[in-house]
file data.txt (compact mmCIF, C-alpha atoms)
# COMPACT_ATOMS: atom_id res chain seq x y z
CA MET A 1195 112.37 46.96 206.03
CA SER A 1196 115.32 45.38 207.55
CA VAL A 1197 116.20 43.88 204.22
CA THR A 1198 115.96 47.23 202.58
CA GLU A 1199 117.93 48.90 205.35
CA HIS A 1200 120.58 46.26 205.17
CA GLY A 1201 120.67 46.58 201.43
CA ARG A 1202 121.14 50.35 201.67
CA ARG A 1203 123.78 50.27 204.37
CA THR A 1204 126.01 47.63 202.91
CA PRO A 1205 127.48 49.64 199.97
CA ARG A 1206 128.40 52.49 202.35
CA VAL A 1207 130.45 50.12 204.49
CA ARG A 1208 132.12 48.13 201.74
CA VAL A 1209 132.88 51.02 199.44
CA PRO A 1210 133.60 53.98 201.67
CA LYS A 1211 133.82 57.40 200.12
CA LYS A 1212 137.26 57.43 198.61
CA ALA A 1213 139.67 60.37 199.03
CA PRO A 1214 140.36 61.81 195.55
CA ARG A 1215 143.46 60.17 194.10
CA PRO A 1216 146.27 62.69 193.52
CA PRO A 1217 147.02 63.19 189.84
CA LEU A 1218 149.62 60.93 188.27
CA TRP A 1219 152.33 63.58 187.98
CA ARG A 1220 152.10 64.21 191.70
CA ARG A 1221 152.53 60.58 192.49
CA TRP A 1222 155.62 60.42 190.24
CA LEU A 1223 156.97 63.54 191.92
CA LEU A 1224 156.44 62.04 195.34
CA LEU A 1225 158.31 58.95 194.25
CA LEU A 1226 161.22 60.65 192.47
CA TRP A 1227 162.06 63.78 194.44
CA PRO A 1228 164.63 62.06 196.67
CA LEU A 1229 166.44 60.81 193.57
CA ALA A 1230 166.32 64.26 192.01
CA LEU A 1231 167.70 65.78 195.18
CA ALA A 1232 170.52 63.24 195.26
CA ALA A 1233 171.37 64.04 191.63
CA ALA A 1234 171.33 67.78 192.31
CA LEU A 1235 173.60 67.33 195.33
CA ALA A 1236 176.00 65.18 193.33
CA LEU A 1237 176.18 67.64 190.43
CA THR A 1238 176.76 70.58 192.77
CA GLY A 1239 179.42 68.56 194.55
CA LEU A 1240 181.19 67.84 191.27
CA ALA A 1241 181.02 71.48 190.21
CA VAL A 1242 182.37 72.77 193.52
CA GLY A 1243 185.02 70.02 193.55
CA GLY A 1244 186.17 71.01 190.07
CA TRP A 1245 186.33 74.64 191.10
CA ALA A 1246 188.41 73.75 194.17
CA GLU A 1247 190.75 71.67 192.02
CA ARG A 1248 191.29 74.47 189.52
CA ARG A 1249 191.97 76.89 192.34
CA GLU A 1250 194.42 74.47 193.92
CA ALA A 1251 196.21 73.94 190.60
CA GLY A 1252 196.66 77.69 190.24
CA SER A 1253 197.95 78.15 193.78
CA PRO A 1254 201.58 79.19 194.24
CA ALA A 1255 201.96 76.23 196.63
CA VAL A 1256 201.98 73.85 193.62
CA ASN A 1257 205.61 74.90 193.37
CA ARG A 1258 207.11 73.16 196.43
CA ALA A 1259 210.47 74.96 196.22
CA LEU A 1260 211.31 76.22 199.75
CA VAL A 1261 207.85 75.14 200.95
CA ASP A 1262 208.72 71.50 201.43
CA ARG A 1263 212.47 71.40 201.87
CA SER A 1264 212.81 67.67 202.34
CA GLY A 1265 214.95 66.31 199.56
CA ASP A 1266 216.02 69.75 198.34
CA ALA A 1267 219.61 69.27 199.47
CA GLU A 1268 219.77 65.85 197.85
CA LEU A 1269 218.28 67.14 194.60
CA ILE A 1270 220.84 69.94 194.44
CA ARG A 1271 223.72 67.63 195.38
CA GLU A 1272 222.75 64.96 192.87
CA LEU A 1273 222.14 67.33 189.96
CA SER A 1274 225.26 69.38 190.68
CA ALA A 1275 227.34 66.21 190.59
CA SER A 1276 225.68 65.11 187.32
CA ILE A 1277 226.21 68.49 185.65
CA ALA A 1278 229.83 68.64 186.78
CA GLN A 1279 230.42 65.14 185.41
CA ILE A 1280 228.87 65.63 181.99
CA PHE A 1281 230.66 68.94 181.43
CA THR A 1282 233.99 67.67 182.63
CA TYR A 1283 236.09 66.15 179.90
CA SER A 1284 239.46 64.54 180.00
CA HIS A 1285 241.07 63.81 176.64
CA GLY A 1286 242.66 60.84 178.33
CA ASP A 1287 239.33 59.31 179.35
CA PRO A 1288 236.54 60.57 177.07
CA ALA A 1289 234.45 57.49 177.84
CA ALA A 1290 233.86 58.63 181.42
CA THR A 1291 232.03 61.71 180.16
CA GLU A 1292 230.05 59.61 177.67
CA ARG A 1293 228.99 57.20 180.40
CA ALA A 1294 227.86 60.01 182.70
CA ALA A 1295 225.92 61.66 179.88
CA SER A 1296 224.07 58.53 178.88
CA ARG A 1297 223.23 57.84 182.52
CA VAL A 1298 221.79 61.23 183.47
CA LEU A 1299 220.42 62.66 180.21
CA THR A 1300 217.06 61.73 178.81
CA GLY A 1301 214.73 62.99 176.07
CA THR A 1302 215.57 66.32 174.43
CA ALA A 1303 218.41 66.95 176.88
CA ALA A 1304 220.62 64.48 175.00
CA ALA A 1305 220.38 66.51 171.78
CA GLN A 1306 220.76 69.80 173.66
CA TYR A 1307 223.86 68.44 175.35
CA ARG A 1308 225.40 67.50 172.00
CA THR A 1309 224.83 71.08 170.79
CA LEU A 1310 226.34 72.58 173.95
CA PHE A 1311 229.22 70.20 174.28
CA GLY A 1312 229.77 68.78 170.77
CA GLN A 1313 232.46 71.33 169.90
CA VAL A 1314 234.56 70.39 172.91
CA ARG A 1315 234.23 66.68 172.24
CA GLN A 1316 235.27 67.18 168.63
CA SER A 1317 238.32 69.34 169.14
CA ALA A 1318 239.49 68.02 172.50
CA PRO A 1319 241.33 64.84 171.46
CA THR A 1320 243.43 66.50 168.73
CA GLN A 1321 244.27 69.53 170.87
CA ARG A 1322 244.82 67.45 174.01
CA LEU A 1323 242.20 69.57 175.77
CA SER A 1324 240.62 68.83 179.09
CA LEU A 1325 237.73 70.70 180.63
CA THR A 1326 236.94 70.85 184.32
CA THR A 1327 233.54 72.08 185.40
CA LYS A 1328 232.64 73.07 188.92
CA VAL A 1329 229.17 73.95 190.11
CA THR A 1330 229.49 77.10 192.20
CA ARG A 1331 225.82 77.82 192.92
CA ALA A 1332 222.56 76.01 192.30
CA GLY A 1333 219.02 76.96 193.17
CA ILE A 1334 215.62 75.36 192.75
CA VAL A 1335 213.30 77.50 190.66
CA ARG A 1336 210.40 75.10 190.68
CA ARG A 1337 209.61 71.71 192.09
CA THR A 1338 206.29 69.87 191.95
CA ALA A 1339 204.96 66.98 193.99
CA ASP A 1340 204.95 64.68 190.95
CA GLY A 1341 208.76 64.70 190.88
CA ALA A 1342 209.62 67.39 188.35
CA ALA A 1343 212.10 70.16 189.08
CA VAL A 1344 213.67 73.18 187.39
CA LEU A 1345 217.00 74.44 188.68
CA ILE A 1346 219.48 77.10 187.75
CA VAL A 1347 223.08 76.07 187.97
CA PHE A 1348 226.11 78.37 187.86
CA LEU A 1349 229.28 76.78 186.48
CA ASP A 1350 232.93 77.71 186.44
CA GLN A 1351 234.79 75.99 183.64
CA THR A 1352 238.55 75.69 183.31
CA ALA A 1353 240.14 74.35 180.15
CA THR A 1354 243.61 72.86 180.28
CA ARG A 1355 245.91 71.94 177.43
CA ALA A 1356 248.56 69.39 178.31
CA GLY A 1357 247.91 70.05 181.99
CA ARG A 1358 248.18 73.84 181.83
CA PRO A 1359 245.15 76.18 182.02
CA THR A 1360 244.48 77.86 178.71
CA GLY A 1361 243.04 80.91 180.44
CA PRO A 1362 241.03 82.10 183.41
CA PRO A 1363 237.92 80.15 184.38
CA VAL A 1364 234.86 80.85 182.30
CA ALA A 1365 231.37 81.38 183.70
CA ALA A 1366 228.35 79.49 182.41
CA GLN A 1367 224.75 79.40 183.52
CA LEU A 1368 222.30 76.61 182.84
CA VAL A 1369 218.61 76.11 183.35
CA VAL A 1370 218.11 72.41 184.02
CA THR A 1371 214.81 70.54 184.02
CA ALA A 1372 214.94 67.20 185.81
CA ARG A 1373 212.58 64.37 186.60
CA ASP A 1374 212.80 61.99 189.51
CA ASP A 1375 212.57 58.49 188.25
CA ASP A 1376 214.76 56.33 190.47
CA GLY A 1377 217.25 59.15 190.75
CA TRP A 1378 217.17 62.55 189.07
CA ARG A 1379 217.48 62.50 185.29
CA ILE A 1380 217.92 65.64 183.21
CA SER A 1381 215.23 66.10 180.56
CA ASP A 1382 215.97 69.63 179.41
CA LEU A 1383 219.16 71.65 179.37
CA ARG A 1384 219.67 75.18 178.12
CA ALA A 1385 222.01 78.08 178.65
CA ALA A 1386 220.52 80.93 180.66
CA MET B 1247 149.83 52.75 185.52
CA ILE B 1248 149.25 52.13 189.20
CA GLY B 1249 150.97 48.83 188.80
CA ASN B 1250 153.95 50.57 187.18
CA LEU B 1251 154.35 53.02 190.01
CA TRP B 1252 154.02 50.29 192.56
CA SER B 1253 156.70 48.20 190.91
CA VAL B 1254 159.23 51.09 191.08
CA ARG B 1255 158.36 52.22 194.60
CA TRP B 1256 161.88 51.32 195.69
CA LEU B 1257 163.10 54.43 193.82
CA ARG B 1258 162.07 56.54 196.81
CA PRO B 1259 164.25 54.85 199.46
CA LEU B 1260 167.03 54.57 196.89
CA GLY B 1261 166.84 58.32 196.39
CA PHE B 1262 167.07 58.95 200.12
CA ALA B 1263 169.97 56.53 200.38
CA LEU B 1264 171.87 58.30 197.56
CA CYS B 1265 171.32 61.69 199.14
CA VAL B 1266 173.65 60.74 201.98
CA PRO B 1267 176.90 60.17 199.98
CA ALA B 1268 176.00 63.01 197.60
CA ALA B 1269 175.64 65.42 200.51
CA ALA B 1270 178.88 64.15 202.03
CA HIS B 1271 180.71 64.69 198.73
CA LEU B 1272 179.31 68.19 198.41
CA ALA B 1273 180.39 69.00 201.95
CA PHE B 1274 183.89 67.72 201.24
CA SER B 1275 184.10 69.74 198.00
CA CYS B 1276 183.03 72.89 199.82
CA TRP B 1277 185.64 72.24 202.46
CA SER B 1278 188.39 71.77 199.81
CA LEU B 1279 187.30 74.97 198.14
CA ALA B 1280 187.53 76.82 201.44
CA GLN B 1281 190.96 75.28 202.10
CA SER B 1282 192.41 76.04 198.65
CA GLY B 1283 194.46 79.20 198.62
CA ARG B 1284 194.95 79.14 202.37
CA GLY B 1285 197.32 77.77 204.96
CA ALA B 1286 200.97 78.10 205.88
CA ASP B 1287 202.24 76.44 202.67
CA HIS B 1288 200.23 78.79 200.52
CA ASP B 1289 201.39 81.86 202.41
CA LEU B 1290 205.05 80.81 202.20
CA ALA B 1291 204.76 80.00 198.49
CA ALA B 1292 203.03 83.31 197.81
CA GLU B 1293 205.75 85.19 199.69
CA ARG B 1294 208.44 83.31 197.72
CA ASP B 1295 206.80 84.22 194.41
CA GLU B 1296 206.37 87.83 195.47
CA LEU B 1297 210.04 87.92 196.46
CA ALA B 1298 211.09 86.40 193.12
CA ARG B 1299 209.03 88.96 191.19
CA THR B 1300 210.53 91.81 193.20
CA ALA B 1301 214.05 90.45 192.71
CA VAL B 1302 213.58 90.14 188.94
CA ARG B 1303 212.38 93.74 188.77
CA GLN B 1304 215.25 94.98 190.96
CA MET B 1305 217.97 93.02 189.13
CA THR B 1306 216.65 94.32 185.82
CA MET B 1307 216.79 97.82 187.20
CA PHE B 1308 220.28 97.58 188.71
CA ASN B 1309 221.58 96.37 185.34
CA SER B 1310 219.92 99.05 183.28
CA ILE B 1311 221.12 102.61 182.90
CA ASP B 1312 220.33 105.33 180.44
CA PRO B 1313 223.22 107.85 180.50
CA LYS B 1314 220.81 110.61 179.54
CA ARG B 1315 218.86 110.12 182.74
CA ALA B 1316 221.46 108.48 184.93
CA ASP B 1317 220.58 110.56 187.99
CA LEU B 1318 216.98 109.48 187.76
CA ASP B 1319 217.97 105.82 187.33
CA MET B 1320 220.38 105.92 190.25
CA GLY B 1321 217.76 107.63 192.38
CA GLN B 1322 215.52 104.66 191.72
CA TRP B 1323 218.35 102.28 192.63
CA MET B 1324 218.63 103.93 196.03
CA GLU B 1325 214.97 103.28 196.69
CA GLU B 1326 215.39 99.55 196.11
CA ALA B 1327 218.52 99.22 198.26
CA THR B 1328 218.99 98.93 202.00
CA GLY B 1329 221.81 98.27 204.47
CA PRO B 1330 225.33 97.71 203.13
CA PHE B 1331 224.31 97.82 199.48
CA ARG B 1332 222.68 101.20 199.94
CA GLU B 1333 225.84 102.50 201.58
CA VAL B 1334 227.93 101.21 198.69
CA LEU B 1335 225.65 102.88 196.18
CA GLN B 1336 225.80 106.11 198.14
CA ARG B 1337 229.59 105.99 198.34
CA ASP B 1338 230.12 105.16 194.66
CA MET B 1339 227.53 107.58 193.36
CA THR B 1340 230.01 110.20 192.15
CA THR B 1341 232.37 107.77 190.41
CA ALA B 1342 229.44 105.96 188.87
CA ARG B 1343 227.97 109.20 187.62
CA ALA B 1344 231.29 110.12 186.01
CA ARG B 1345 231.48 106.69 184.40
CA PHE B 1346 227.97 106.84 183.02
CA ALA B 1347 228.63 110.34 181.66
CA LYS B 1348 231.31 108.85 179.37
CA GLN B 1349 228.99 106.13 178.19
CA ASP B 1350 226.57 107.16 175.47
CA SER B 1351 224.49 104.07 174.81
CA PRO B 1352 221.96 102.85 177.32
CA ALA B 1353 222.41 99.46 178.98
CA ARG B 1354 219.43 97.19 179.38
CA GLY B 1355 219.46 94.25 181.72
CA GLN B 1356 217.33 91.17 181.36
CA VAL B 1357 217.08 88.50 184.03
CA THR B 1358 217.50 85.15 182.26
CA ALA B 1359 217.09 82.98 185.33
CA LEU B 1360 216.46 83.53 189.01
CA ALA B 1361 215.95 81.25 191.98
CA VAL B 1362 215.15 81.94 195.61
CA THR B 1363 217.60 79.75 197.50
CA ASP B 1364 216.66 80.73 201.02
CA LEU B 1365 213.70 82.45 202.61
CA ASN B 1366 213.02 83.18 206.25
CA THR B 1367 209.68 84.96 206.45
CA ARG B 1368 209.89 85.47 210.21
CA ALA B 1369 213.29 87.16 210.09
CA GLY B 1370 212.48 88.86 206.79
CA THR B 1371 215.67 87.66 205.10
CA ALA B 1372 216.15 85.86 201.82
CA THR B 1373 218.84 84.81 199.37
CA VAL B 1374 218.42 84.87 195.61
CA ILE B 1375 220.72 83.85 192.78
CA ALA B 1376 220.22 85.33 189.35
CA SER B 1377 221.81 85.42 185.94
CA VAL B 1378 221.42 88.58 183.90
CA ARG B 1379 222.12 89.48 180.27
CA VAL B 1380 223.06 93.11 179.72
CA ARG B 1381 222.78 94.58 176.24
CA ILE B 1382 224.49 97.87 175.60
CA GLY B 1383 223.31 99.82 172.58
CA GLU B 1384 220.52 101.97 171.25
CA PRO B 1385 217.12 100.42 171.91
CA GLY B 1386 216.16 100.47 168.22
CA ALA B 1387 219.39 98.86 166.97
CA ALA B 1388 219.10 95.39 165.46
CA THR B 1389 222.23 94.13 167.20
CA PRO B 1390 223.52 95.54 170.48
CA GLU B 1391 226.99 97.10 170.57
CA SER B 1392 227.98 94.64 173.23
CA GLU B 1393 226.47 92.03 175.45
CA GLN B 1394 227.48 90.90 178.91
CA ARG B 1395 226.48 87.98 181.08
CA LYS B 1396 226.38 88.51 184.80
CA ARG B 1397 225.65 86.33 187.79
CA TYR B 1398 224.69 87.49 191.22
CA GLN B 1399 224.01 86.28 194.68
CA VAL B 1400 221.67 88.71 196.37
CA GLU B 1401 220.82 88.96 200.04
CA MET B 1402 217.40 90.51 200.44
CA ARG B 1403 215.82 92.05 203.49
CA ARG B 1404 212.21 92.93 204.12
CA VAL B 1405 211.83 96.49 205.30
CA ALA B 1406 208.79 98.73 205.58
CA GLY B 1407 208.49 99.24 201.85
CA GLY B 1408 208.84 95.56 200.91
CA TRP B 1409 211.84 93.44 199.91
CA LYS B 1410 215.05 95.41 199.30
CA VAL B 1411 218.54 94.42 198.24
CA ASN B 1412 220.84 94.23 201.26
CA THR B 1413 223.99 92.93 199.58
CA LEU B 1414 224.74 92.25 195.94
CA THR B 1415 227.59 89.91 195.12
CA ALA B 1416 228.78 89.38 191.56
CA LEU B 1417 229.76 85.73 191.14
CA ASN B 1418 232.83 85.92 188.98
CA PRO B 1419 234.60 82.68 188.10
CA ALA B 1420 237.85 83.98 189.57
CA GLY B 1421 236.14 84.23 192.93
CA PRO B 1422 233.34 86.34 194.31
CA ALA B 1423 234.02 90.05 194.22
CA THR B 1424 232.06 90.98 197.27
CA GLY B 1425 229.26 93.42 196.74
CA GLY B 1426 231.70 96.24 196.28
CA SER B 1427 230.69 98.46 193.47
CA VAL B 1428 227.83 99.64 191.41
CA PRO B 1429 226.91 96.82 189.00
call {"tool": "encode", "arguments": {"input": "data.txt", "output": "structure tokens"}}
result
Amino acid sequence: MSVTEHGRRTPRVRVPKKAPRPPLWRRWLLLLWPLALAAALALTGLAVGGWAERREAGSPAVNRALVDRSGDAELIRELSASIAQIFTYSHGDPAATERAASRVLTGTAAAQYRTLFGQVRQSAPTQRLSLTTKVTRAGIVRRTADGAAVLIVFLDQTATRAGRPTGPPVAAQLVVTARDDDGWRISDLRAA
Amino acid sequence: MIGNLWSVRWLRPLGFALCVPAAAHLAFSCWSLAQSGRGADHDLAAERDELARTAVRQMTMFNSIDPKRADLDMGQWMEEATGPFREVLQRDMTTARARFAKQDSPARGQVTALAVTDLNTRAGTATVIASVRVRIGEPGAATPESEQRKRYQVEMRRVAGGWKVNTLTALNPAGPATGGSVP
């Protein structure tokens, strides 16, 4: 009897009634949901971040003109001096103008400058012409944090032949695009 | 299969661990989104752009006149002027009207460049410089009868109806002719 009883009890103790195993897909789900949540959070973060970036790029504050005034005075002073130099021509010292132009002009501005100023450089030596350019007003239209700026510059130009003015001063207006790379260099130059 | 699952059980803690930086990044992105398009810089920049748009519209207007409807045009000028400039317009109205009566082709101004050089939002004052091209001739004509280039320094003032022109100074090379007459 005891043998039989023992024999009947033993399997109950050693192999207790097992809880039903969850199906395989549930076990995978249990294992992977934290990863899936992390991925969802990351993707949402990227999407929202991209949206914020696009909104920031379209904000008027991208243009720093008058918003961040540090360096504005220097930018205007430096560019005004450059413009005055490259549009001032003395038939006695044409090299000075050339030197200024090659120092401050870069990219397309060099070609644009030749178009704007070529006539003067051609006729000046034979006619003993000199041209003096003064910047009367300058204003920053646009300036970005990456060191690019657009300015408008108002010029008064006086031509002299053999020391005497050939006429009243002439007005000129330029739209100047400049880039700060160890000092402001002019990359685009056109008459307004 | 059980063995497989067991061998990759570390995926669960890894998932939890990754949730932390992902949530932080999401929070930061949401914060940047909330910050974009706000703040003192944004407000100042928006005001500057609004001022520039207004000034372009006003400078175009002050440099355009159709002799056939000069009274209407000048009436509009008055609405965009304030202070000294408004007084000047008022004073010169009769002479200007007589001048425009002799002119038969309309003049159309176009602002070629404009920059806000000073802006004080608290005081509601601003300075703008602008260059304008004025074409005189019939609108349909291929080439205008004549073309003029003008430069201005404009003092603007914010009044109830928005930014208005307070003084208008033509920047002539001979020296500034102070905001005297109708453009």
call {"tool": "residues_near_point", "arguments": {"input": "data.txt", "point": "(228.7, 88.3, 192.0)", "cutoff": "6 Å", "atoms": "all atoms listed in the file", "output": "PyMOL selection string"}}
result
chain B and resi 1397-1399+1415-1418+1422
call {"tool": "residues_near_point", "arguments": {"input": "data.txt", "point": "(212.5, 66.8, 183.0)", "cutoff": "10 Å", "atoms": "all atoms listed in the file", "output": "list in words"}}
result
Leu1299, Thr1300, Gly1301, Thr1302, Ala1303, Gly1341, Ala1342, Ala1343, Val1344, Val1370, Thr1371, Ala1372, Arg1373, Asp1374, Asp1375, Trp1378, Arg1379, Ile1380, Ser1381, Asp1382 and Leu1383 of chain A
call {"tool": "residues_around", "arguments": {"input": "data.txt", "residues": "stretch 1261-1269 of chain A", "least_positions_apart": "5", "cutoff": "12 Å", "atoms": "all atoms listed in the file", "output": "PyMOL selection string"}}
result
(chain A and resi 1254-1256+1274-1276+1332-1339+1341-1345+1370-1374+1377-1380) or (chain B and resi 1285-1295+1362-1367)
call {"tool": "closest_atom_pairs", "arguments": {"input": "data.txt", "of": "chain A", "to": "chain B", "cutoff": "7 Å", "atoms": "only C-alpha atoms", "output": "tab-separated table"}}
result
residue	atom	partner	partner_atom	distance
A:Leu1225	CA	B:Arg1258	CA	5.1
A:Leu1226	CA	B:Arg1258	CA	6.0
A:Pro1228	CA	B:Gly1261	CA	4.4
A:Leu1229	CA	B:Gly1261	CA	3.8
A:Leu1231	CA	B:Cys1265	CA	6.7
A:Ala1232	CA	B:Cys1265	CA	4.3
A:Leu1235	CA	B:Ala1268	CA	5.4
A:Ala1236	CA	B:Ala1268	CA	4.8
A:Thr1238	CA	B:Leu1272	CA	6.6
A:Gly1239	CA	B:Leu1272	CA	3.9
A:Val1242	CA	B:Ser1275	CA	5.7
A:Gly1243	CA	B:Ser1275	CA	4.6
A:Ala1246	CA	B:Leu1279	CA	4.3
A:Arg1249	CA	B:Ser1282	CA	6.4
A:Glu1250	CA	B:Ser1282	CA	5.4
A:Ser1253	CA	B:Gly1283	CA	6.1
A:Pro1254	CA	B:Ala1291	CA	5.4
A:Ala1255	CA	B:His1288	CA	5.0
A:Val1261	CA	B:Asp1287	CA	6.0
A:Gly1333	CA	B:Thr1363	CA	5.3
A:Ile1334	CA	B:Ala1361	CA	5.9
A:Val1335	CA	B:Ala1361	CA	4.8
A:Ile1346	CA	B:Ala1359	CA	6.8
A:Asp1350	CA	B:Pro1419	CA	5.5
A:Pro1363	CA	B:Pro1419	CA	5.6
A:Val1364	CA	B:Pro1419	CA	6.1
A:Ala1365	CA	B:Pro1419	CA	5.6
A:Ala1386	CA	B:Thr1358	CA	5.4
call {"tool": "residues_around", "arguments": {"input": "data.txt", "residues": "stretch 1342-1356 of chain B", "least_positions_apart": "3", "cutoff": "9 Å", "atoms": "all atoms listed in the file", "output": "list of chain:residue names"}}
result
B:Val1302, B:Met1305, B:Thr1306, B:Met1307, B:Phe1308, B:Asn1309, B:Ser1310, B:Ile1311, B:Asp1312, B:Pro1313, B:Lys1314, B:Ala1316, B:Asp1317, B:Met1320, B:Leu1335, B:Asp1338, B:Met1339, B:Ser1377, B:Val1378, B:Arg1379, B:Val1380, B:Arg1381, B:Ile1382, B:Gly1383, B:Glu1384, B:Pro1385, B:Glu1391, B:Ser1427, B:Val1428
call {"tool": "residues_around", "arguments": {"input": "data.txt", "residues": "stretch 1316-1330 of chain A", "least_positions_apart": "4", "cutoff": "6 Å", "atoms": "all atoms listed in the file", "output": "PyMOL selection string"}}
result
chain A and resi 1278+1281-1285+1348-1355
call {"tool": "atom_distance", "arguments": {"input": "data.txt", "atom1": "atom CA of B:Gly1408", "atom2": "atom CA of B:Ala1327"}}
result
10.7 Å
call {"tool": "atom_distance", "arguments": {"input": "data.txt", "atom1": "atom CA of B:Thr1300", "atom2": "atom CA of A:Ala1259"}}
result
17.1 Å
call {"tool": "atom_distance", "arguments": {"input": "data.txt", "atom1": "atom CA of A:Asp1287", "atom2": "atom CA of A:Ala1356"}}
result
13.7 Å
call {"tool": "closest_residue", "arguments": {"input": "data.txt", "among": "B:Gln1304, B:Pro1390, B:Gly1321, B:Gln1336", "to": "B:Met1402", "atoms": "only C-alpha atoms"}}
result
B:Gln1304
call {"tool": "decode", "arguments": {"input": "data.txt", "residues": "stretch 1270-1331 of chain B", "atoms": "C-alpha atoms", "output": "compact mmCIF listing (two decimals), in the first residue's frame"}}
result
# COMPACT_ATOMS: atom_id res chain seq x y z
CA ALA B 1270 15.32 62.76 -23.71
CA HIS B 1271 15.87 63.52 -27.40
CA LEU B 1272 12.15 63.70 -28.03
CA ALA B 1273 11.71 66.05 -25.09
CA PHE B 1274 14.49 68.29 -26.40
CA SER B 1275 12.98 68.31 -29.91
CA CYS B 1276 9.59 69.27 -28.52
CA TRP B 1277 11.20 72.05 -26.54
CA SER B 1278 13.03 73.38 -29.65
CA LEU B 1279 9.79 73.28 -31.57
CA ALA B 1280 8.06 75.27 -28.86
CA GLN B 1281 10.96 77.76 -28.80
CA SER B 1282 11.14 78.25 -32.57
CA GLY B 1283 9.27 81.30 -33.73
CA ARG B 1284 9.33 82.86 -30.27
CA GLY B 1285 11.47 85.11 -28.15
CA ALA B 1286 12.79 88.66 -28.25
CA ASP B 1287 15.03 88.05 -31.29
CA HIS B 1288 12.16 86.64 -33.28
CA ASP B 1289 9.85 89.51 -32.37
CA LEU B 1290 12.46 92.13 -33.27
CA ALA B 1291 13.27 90.40 -36.57
CA ALA B 1292 9.58 90.10 -37.42
CA GLU B 1293 9.04 93.78 -36.68
CA ARG B 1294 12.06 94.68 -38.86
CA ASP B 1295 10.70 92.64 -41.76
CA GLU B 1296 7.24 94.11 -41.34
CA LEU B 1297 8.76 97.59 -41.34
CA ALA B 1298 10.79 96.82 -44.47
CA ARG B 1299 7.70 95.53 -46.29
CA THR B 1300 5.73 98.63 -45.29
CA ALA B 1301 8.57 100.92 -46.38
CA VAL B 1302 8.85 99.21 -49.78
CA ARG B 1303 5.13 99.65 -50.33
CA GLN B 1304 5.20 103.29 -49.21
CA MET B 1305 8.29 104.23 -51.25
CA THR B 1306 6.73 102.62 -54.32
CA MET B 1307 3.60 104.64 -53.71
CA PHE B 1308 5.33 107.98 -53.10
CA ASN B 1309 7.19 107.55 -56.39
CA SER B 1310 4.17 106.61 -58.45
CA ILE B 1311 1.58 109.01 -59.78
CA ASP B 1312 -1.05 108.71 -62.44
CA PRO B 1313 -1.97 112.25 -63.59
CA LYS B 1314 -5.47 111.05 -64.43
CA ARG B 1315 -6.11 110.17 -60.81
CA ALA B 1316 -3.59 112.38 -59.07
CA ASP B 1317 -6.02 113.45 -56.34
CA LEU B 1318 -6.69 109.85 -55.45
CA ASP B 1319 -2.97 109.03 -55.41
CA MET B 1320 -2.13 112.04 -53.26
CA GLY B 1321 -4.97 111.17 -50.92
CA GLN B 1322 -3.31 107.81 -50.41
CA TRP B 1323 0.04 109.51 -49.79
CA MET B 1324 -1.51 111.49 -46.96
CA GLU B 1325 -2.63 108.30 -45.29
CA GLU B 1326 0.90 106.92 -45.23
CA ALA B 1327 2.50 110.12 -43.90
CA THR B 1328 2.75 111.55 -40.42
CA GLY B 1329 4.47 114.45 -38.65
CA PRO B 1330 6.66 116.81 -40.70
CA PHE B 1331 6.31 114.86 -43.93
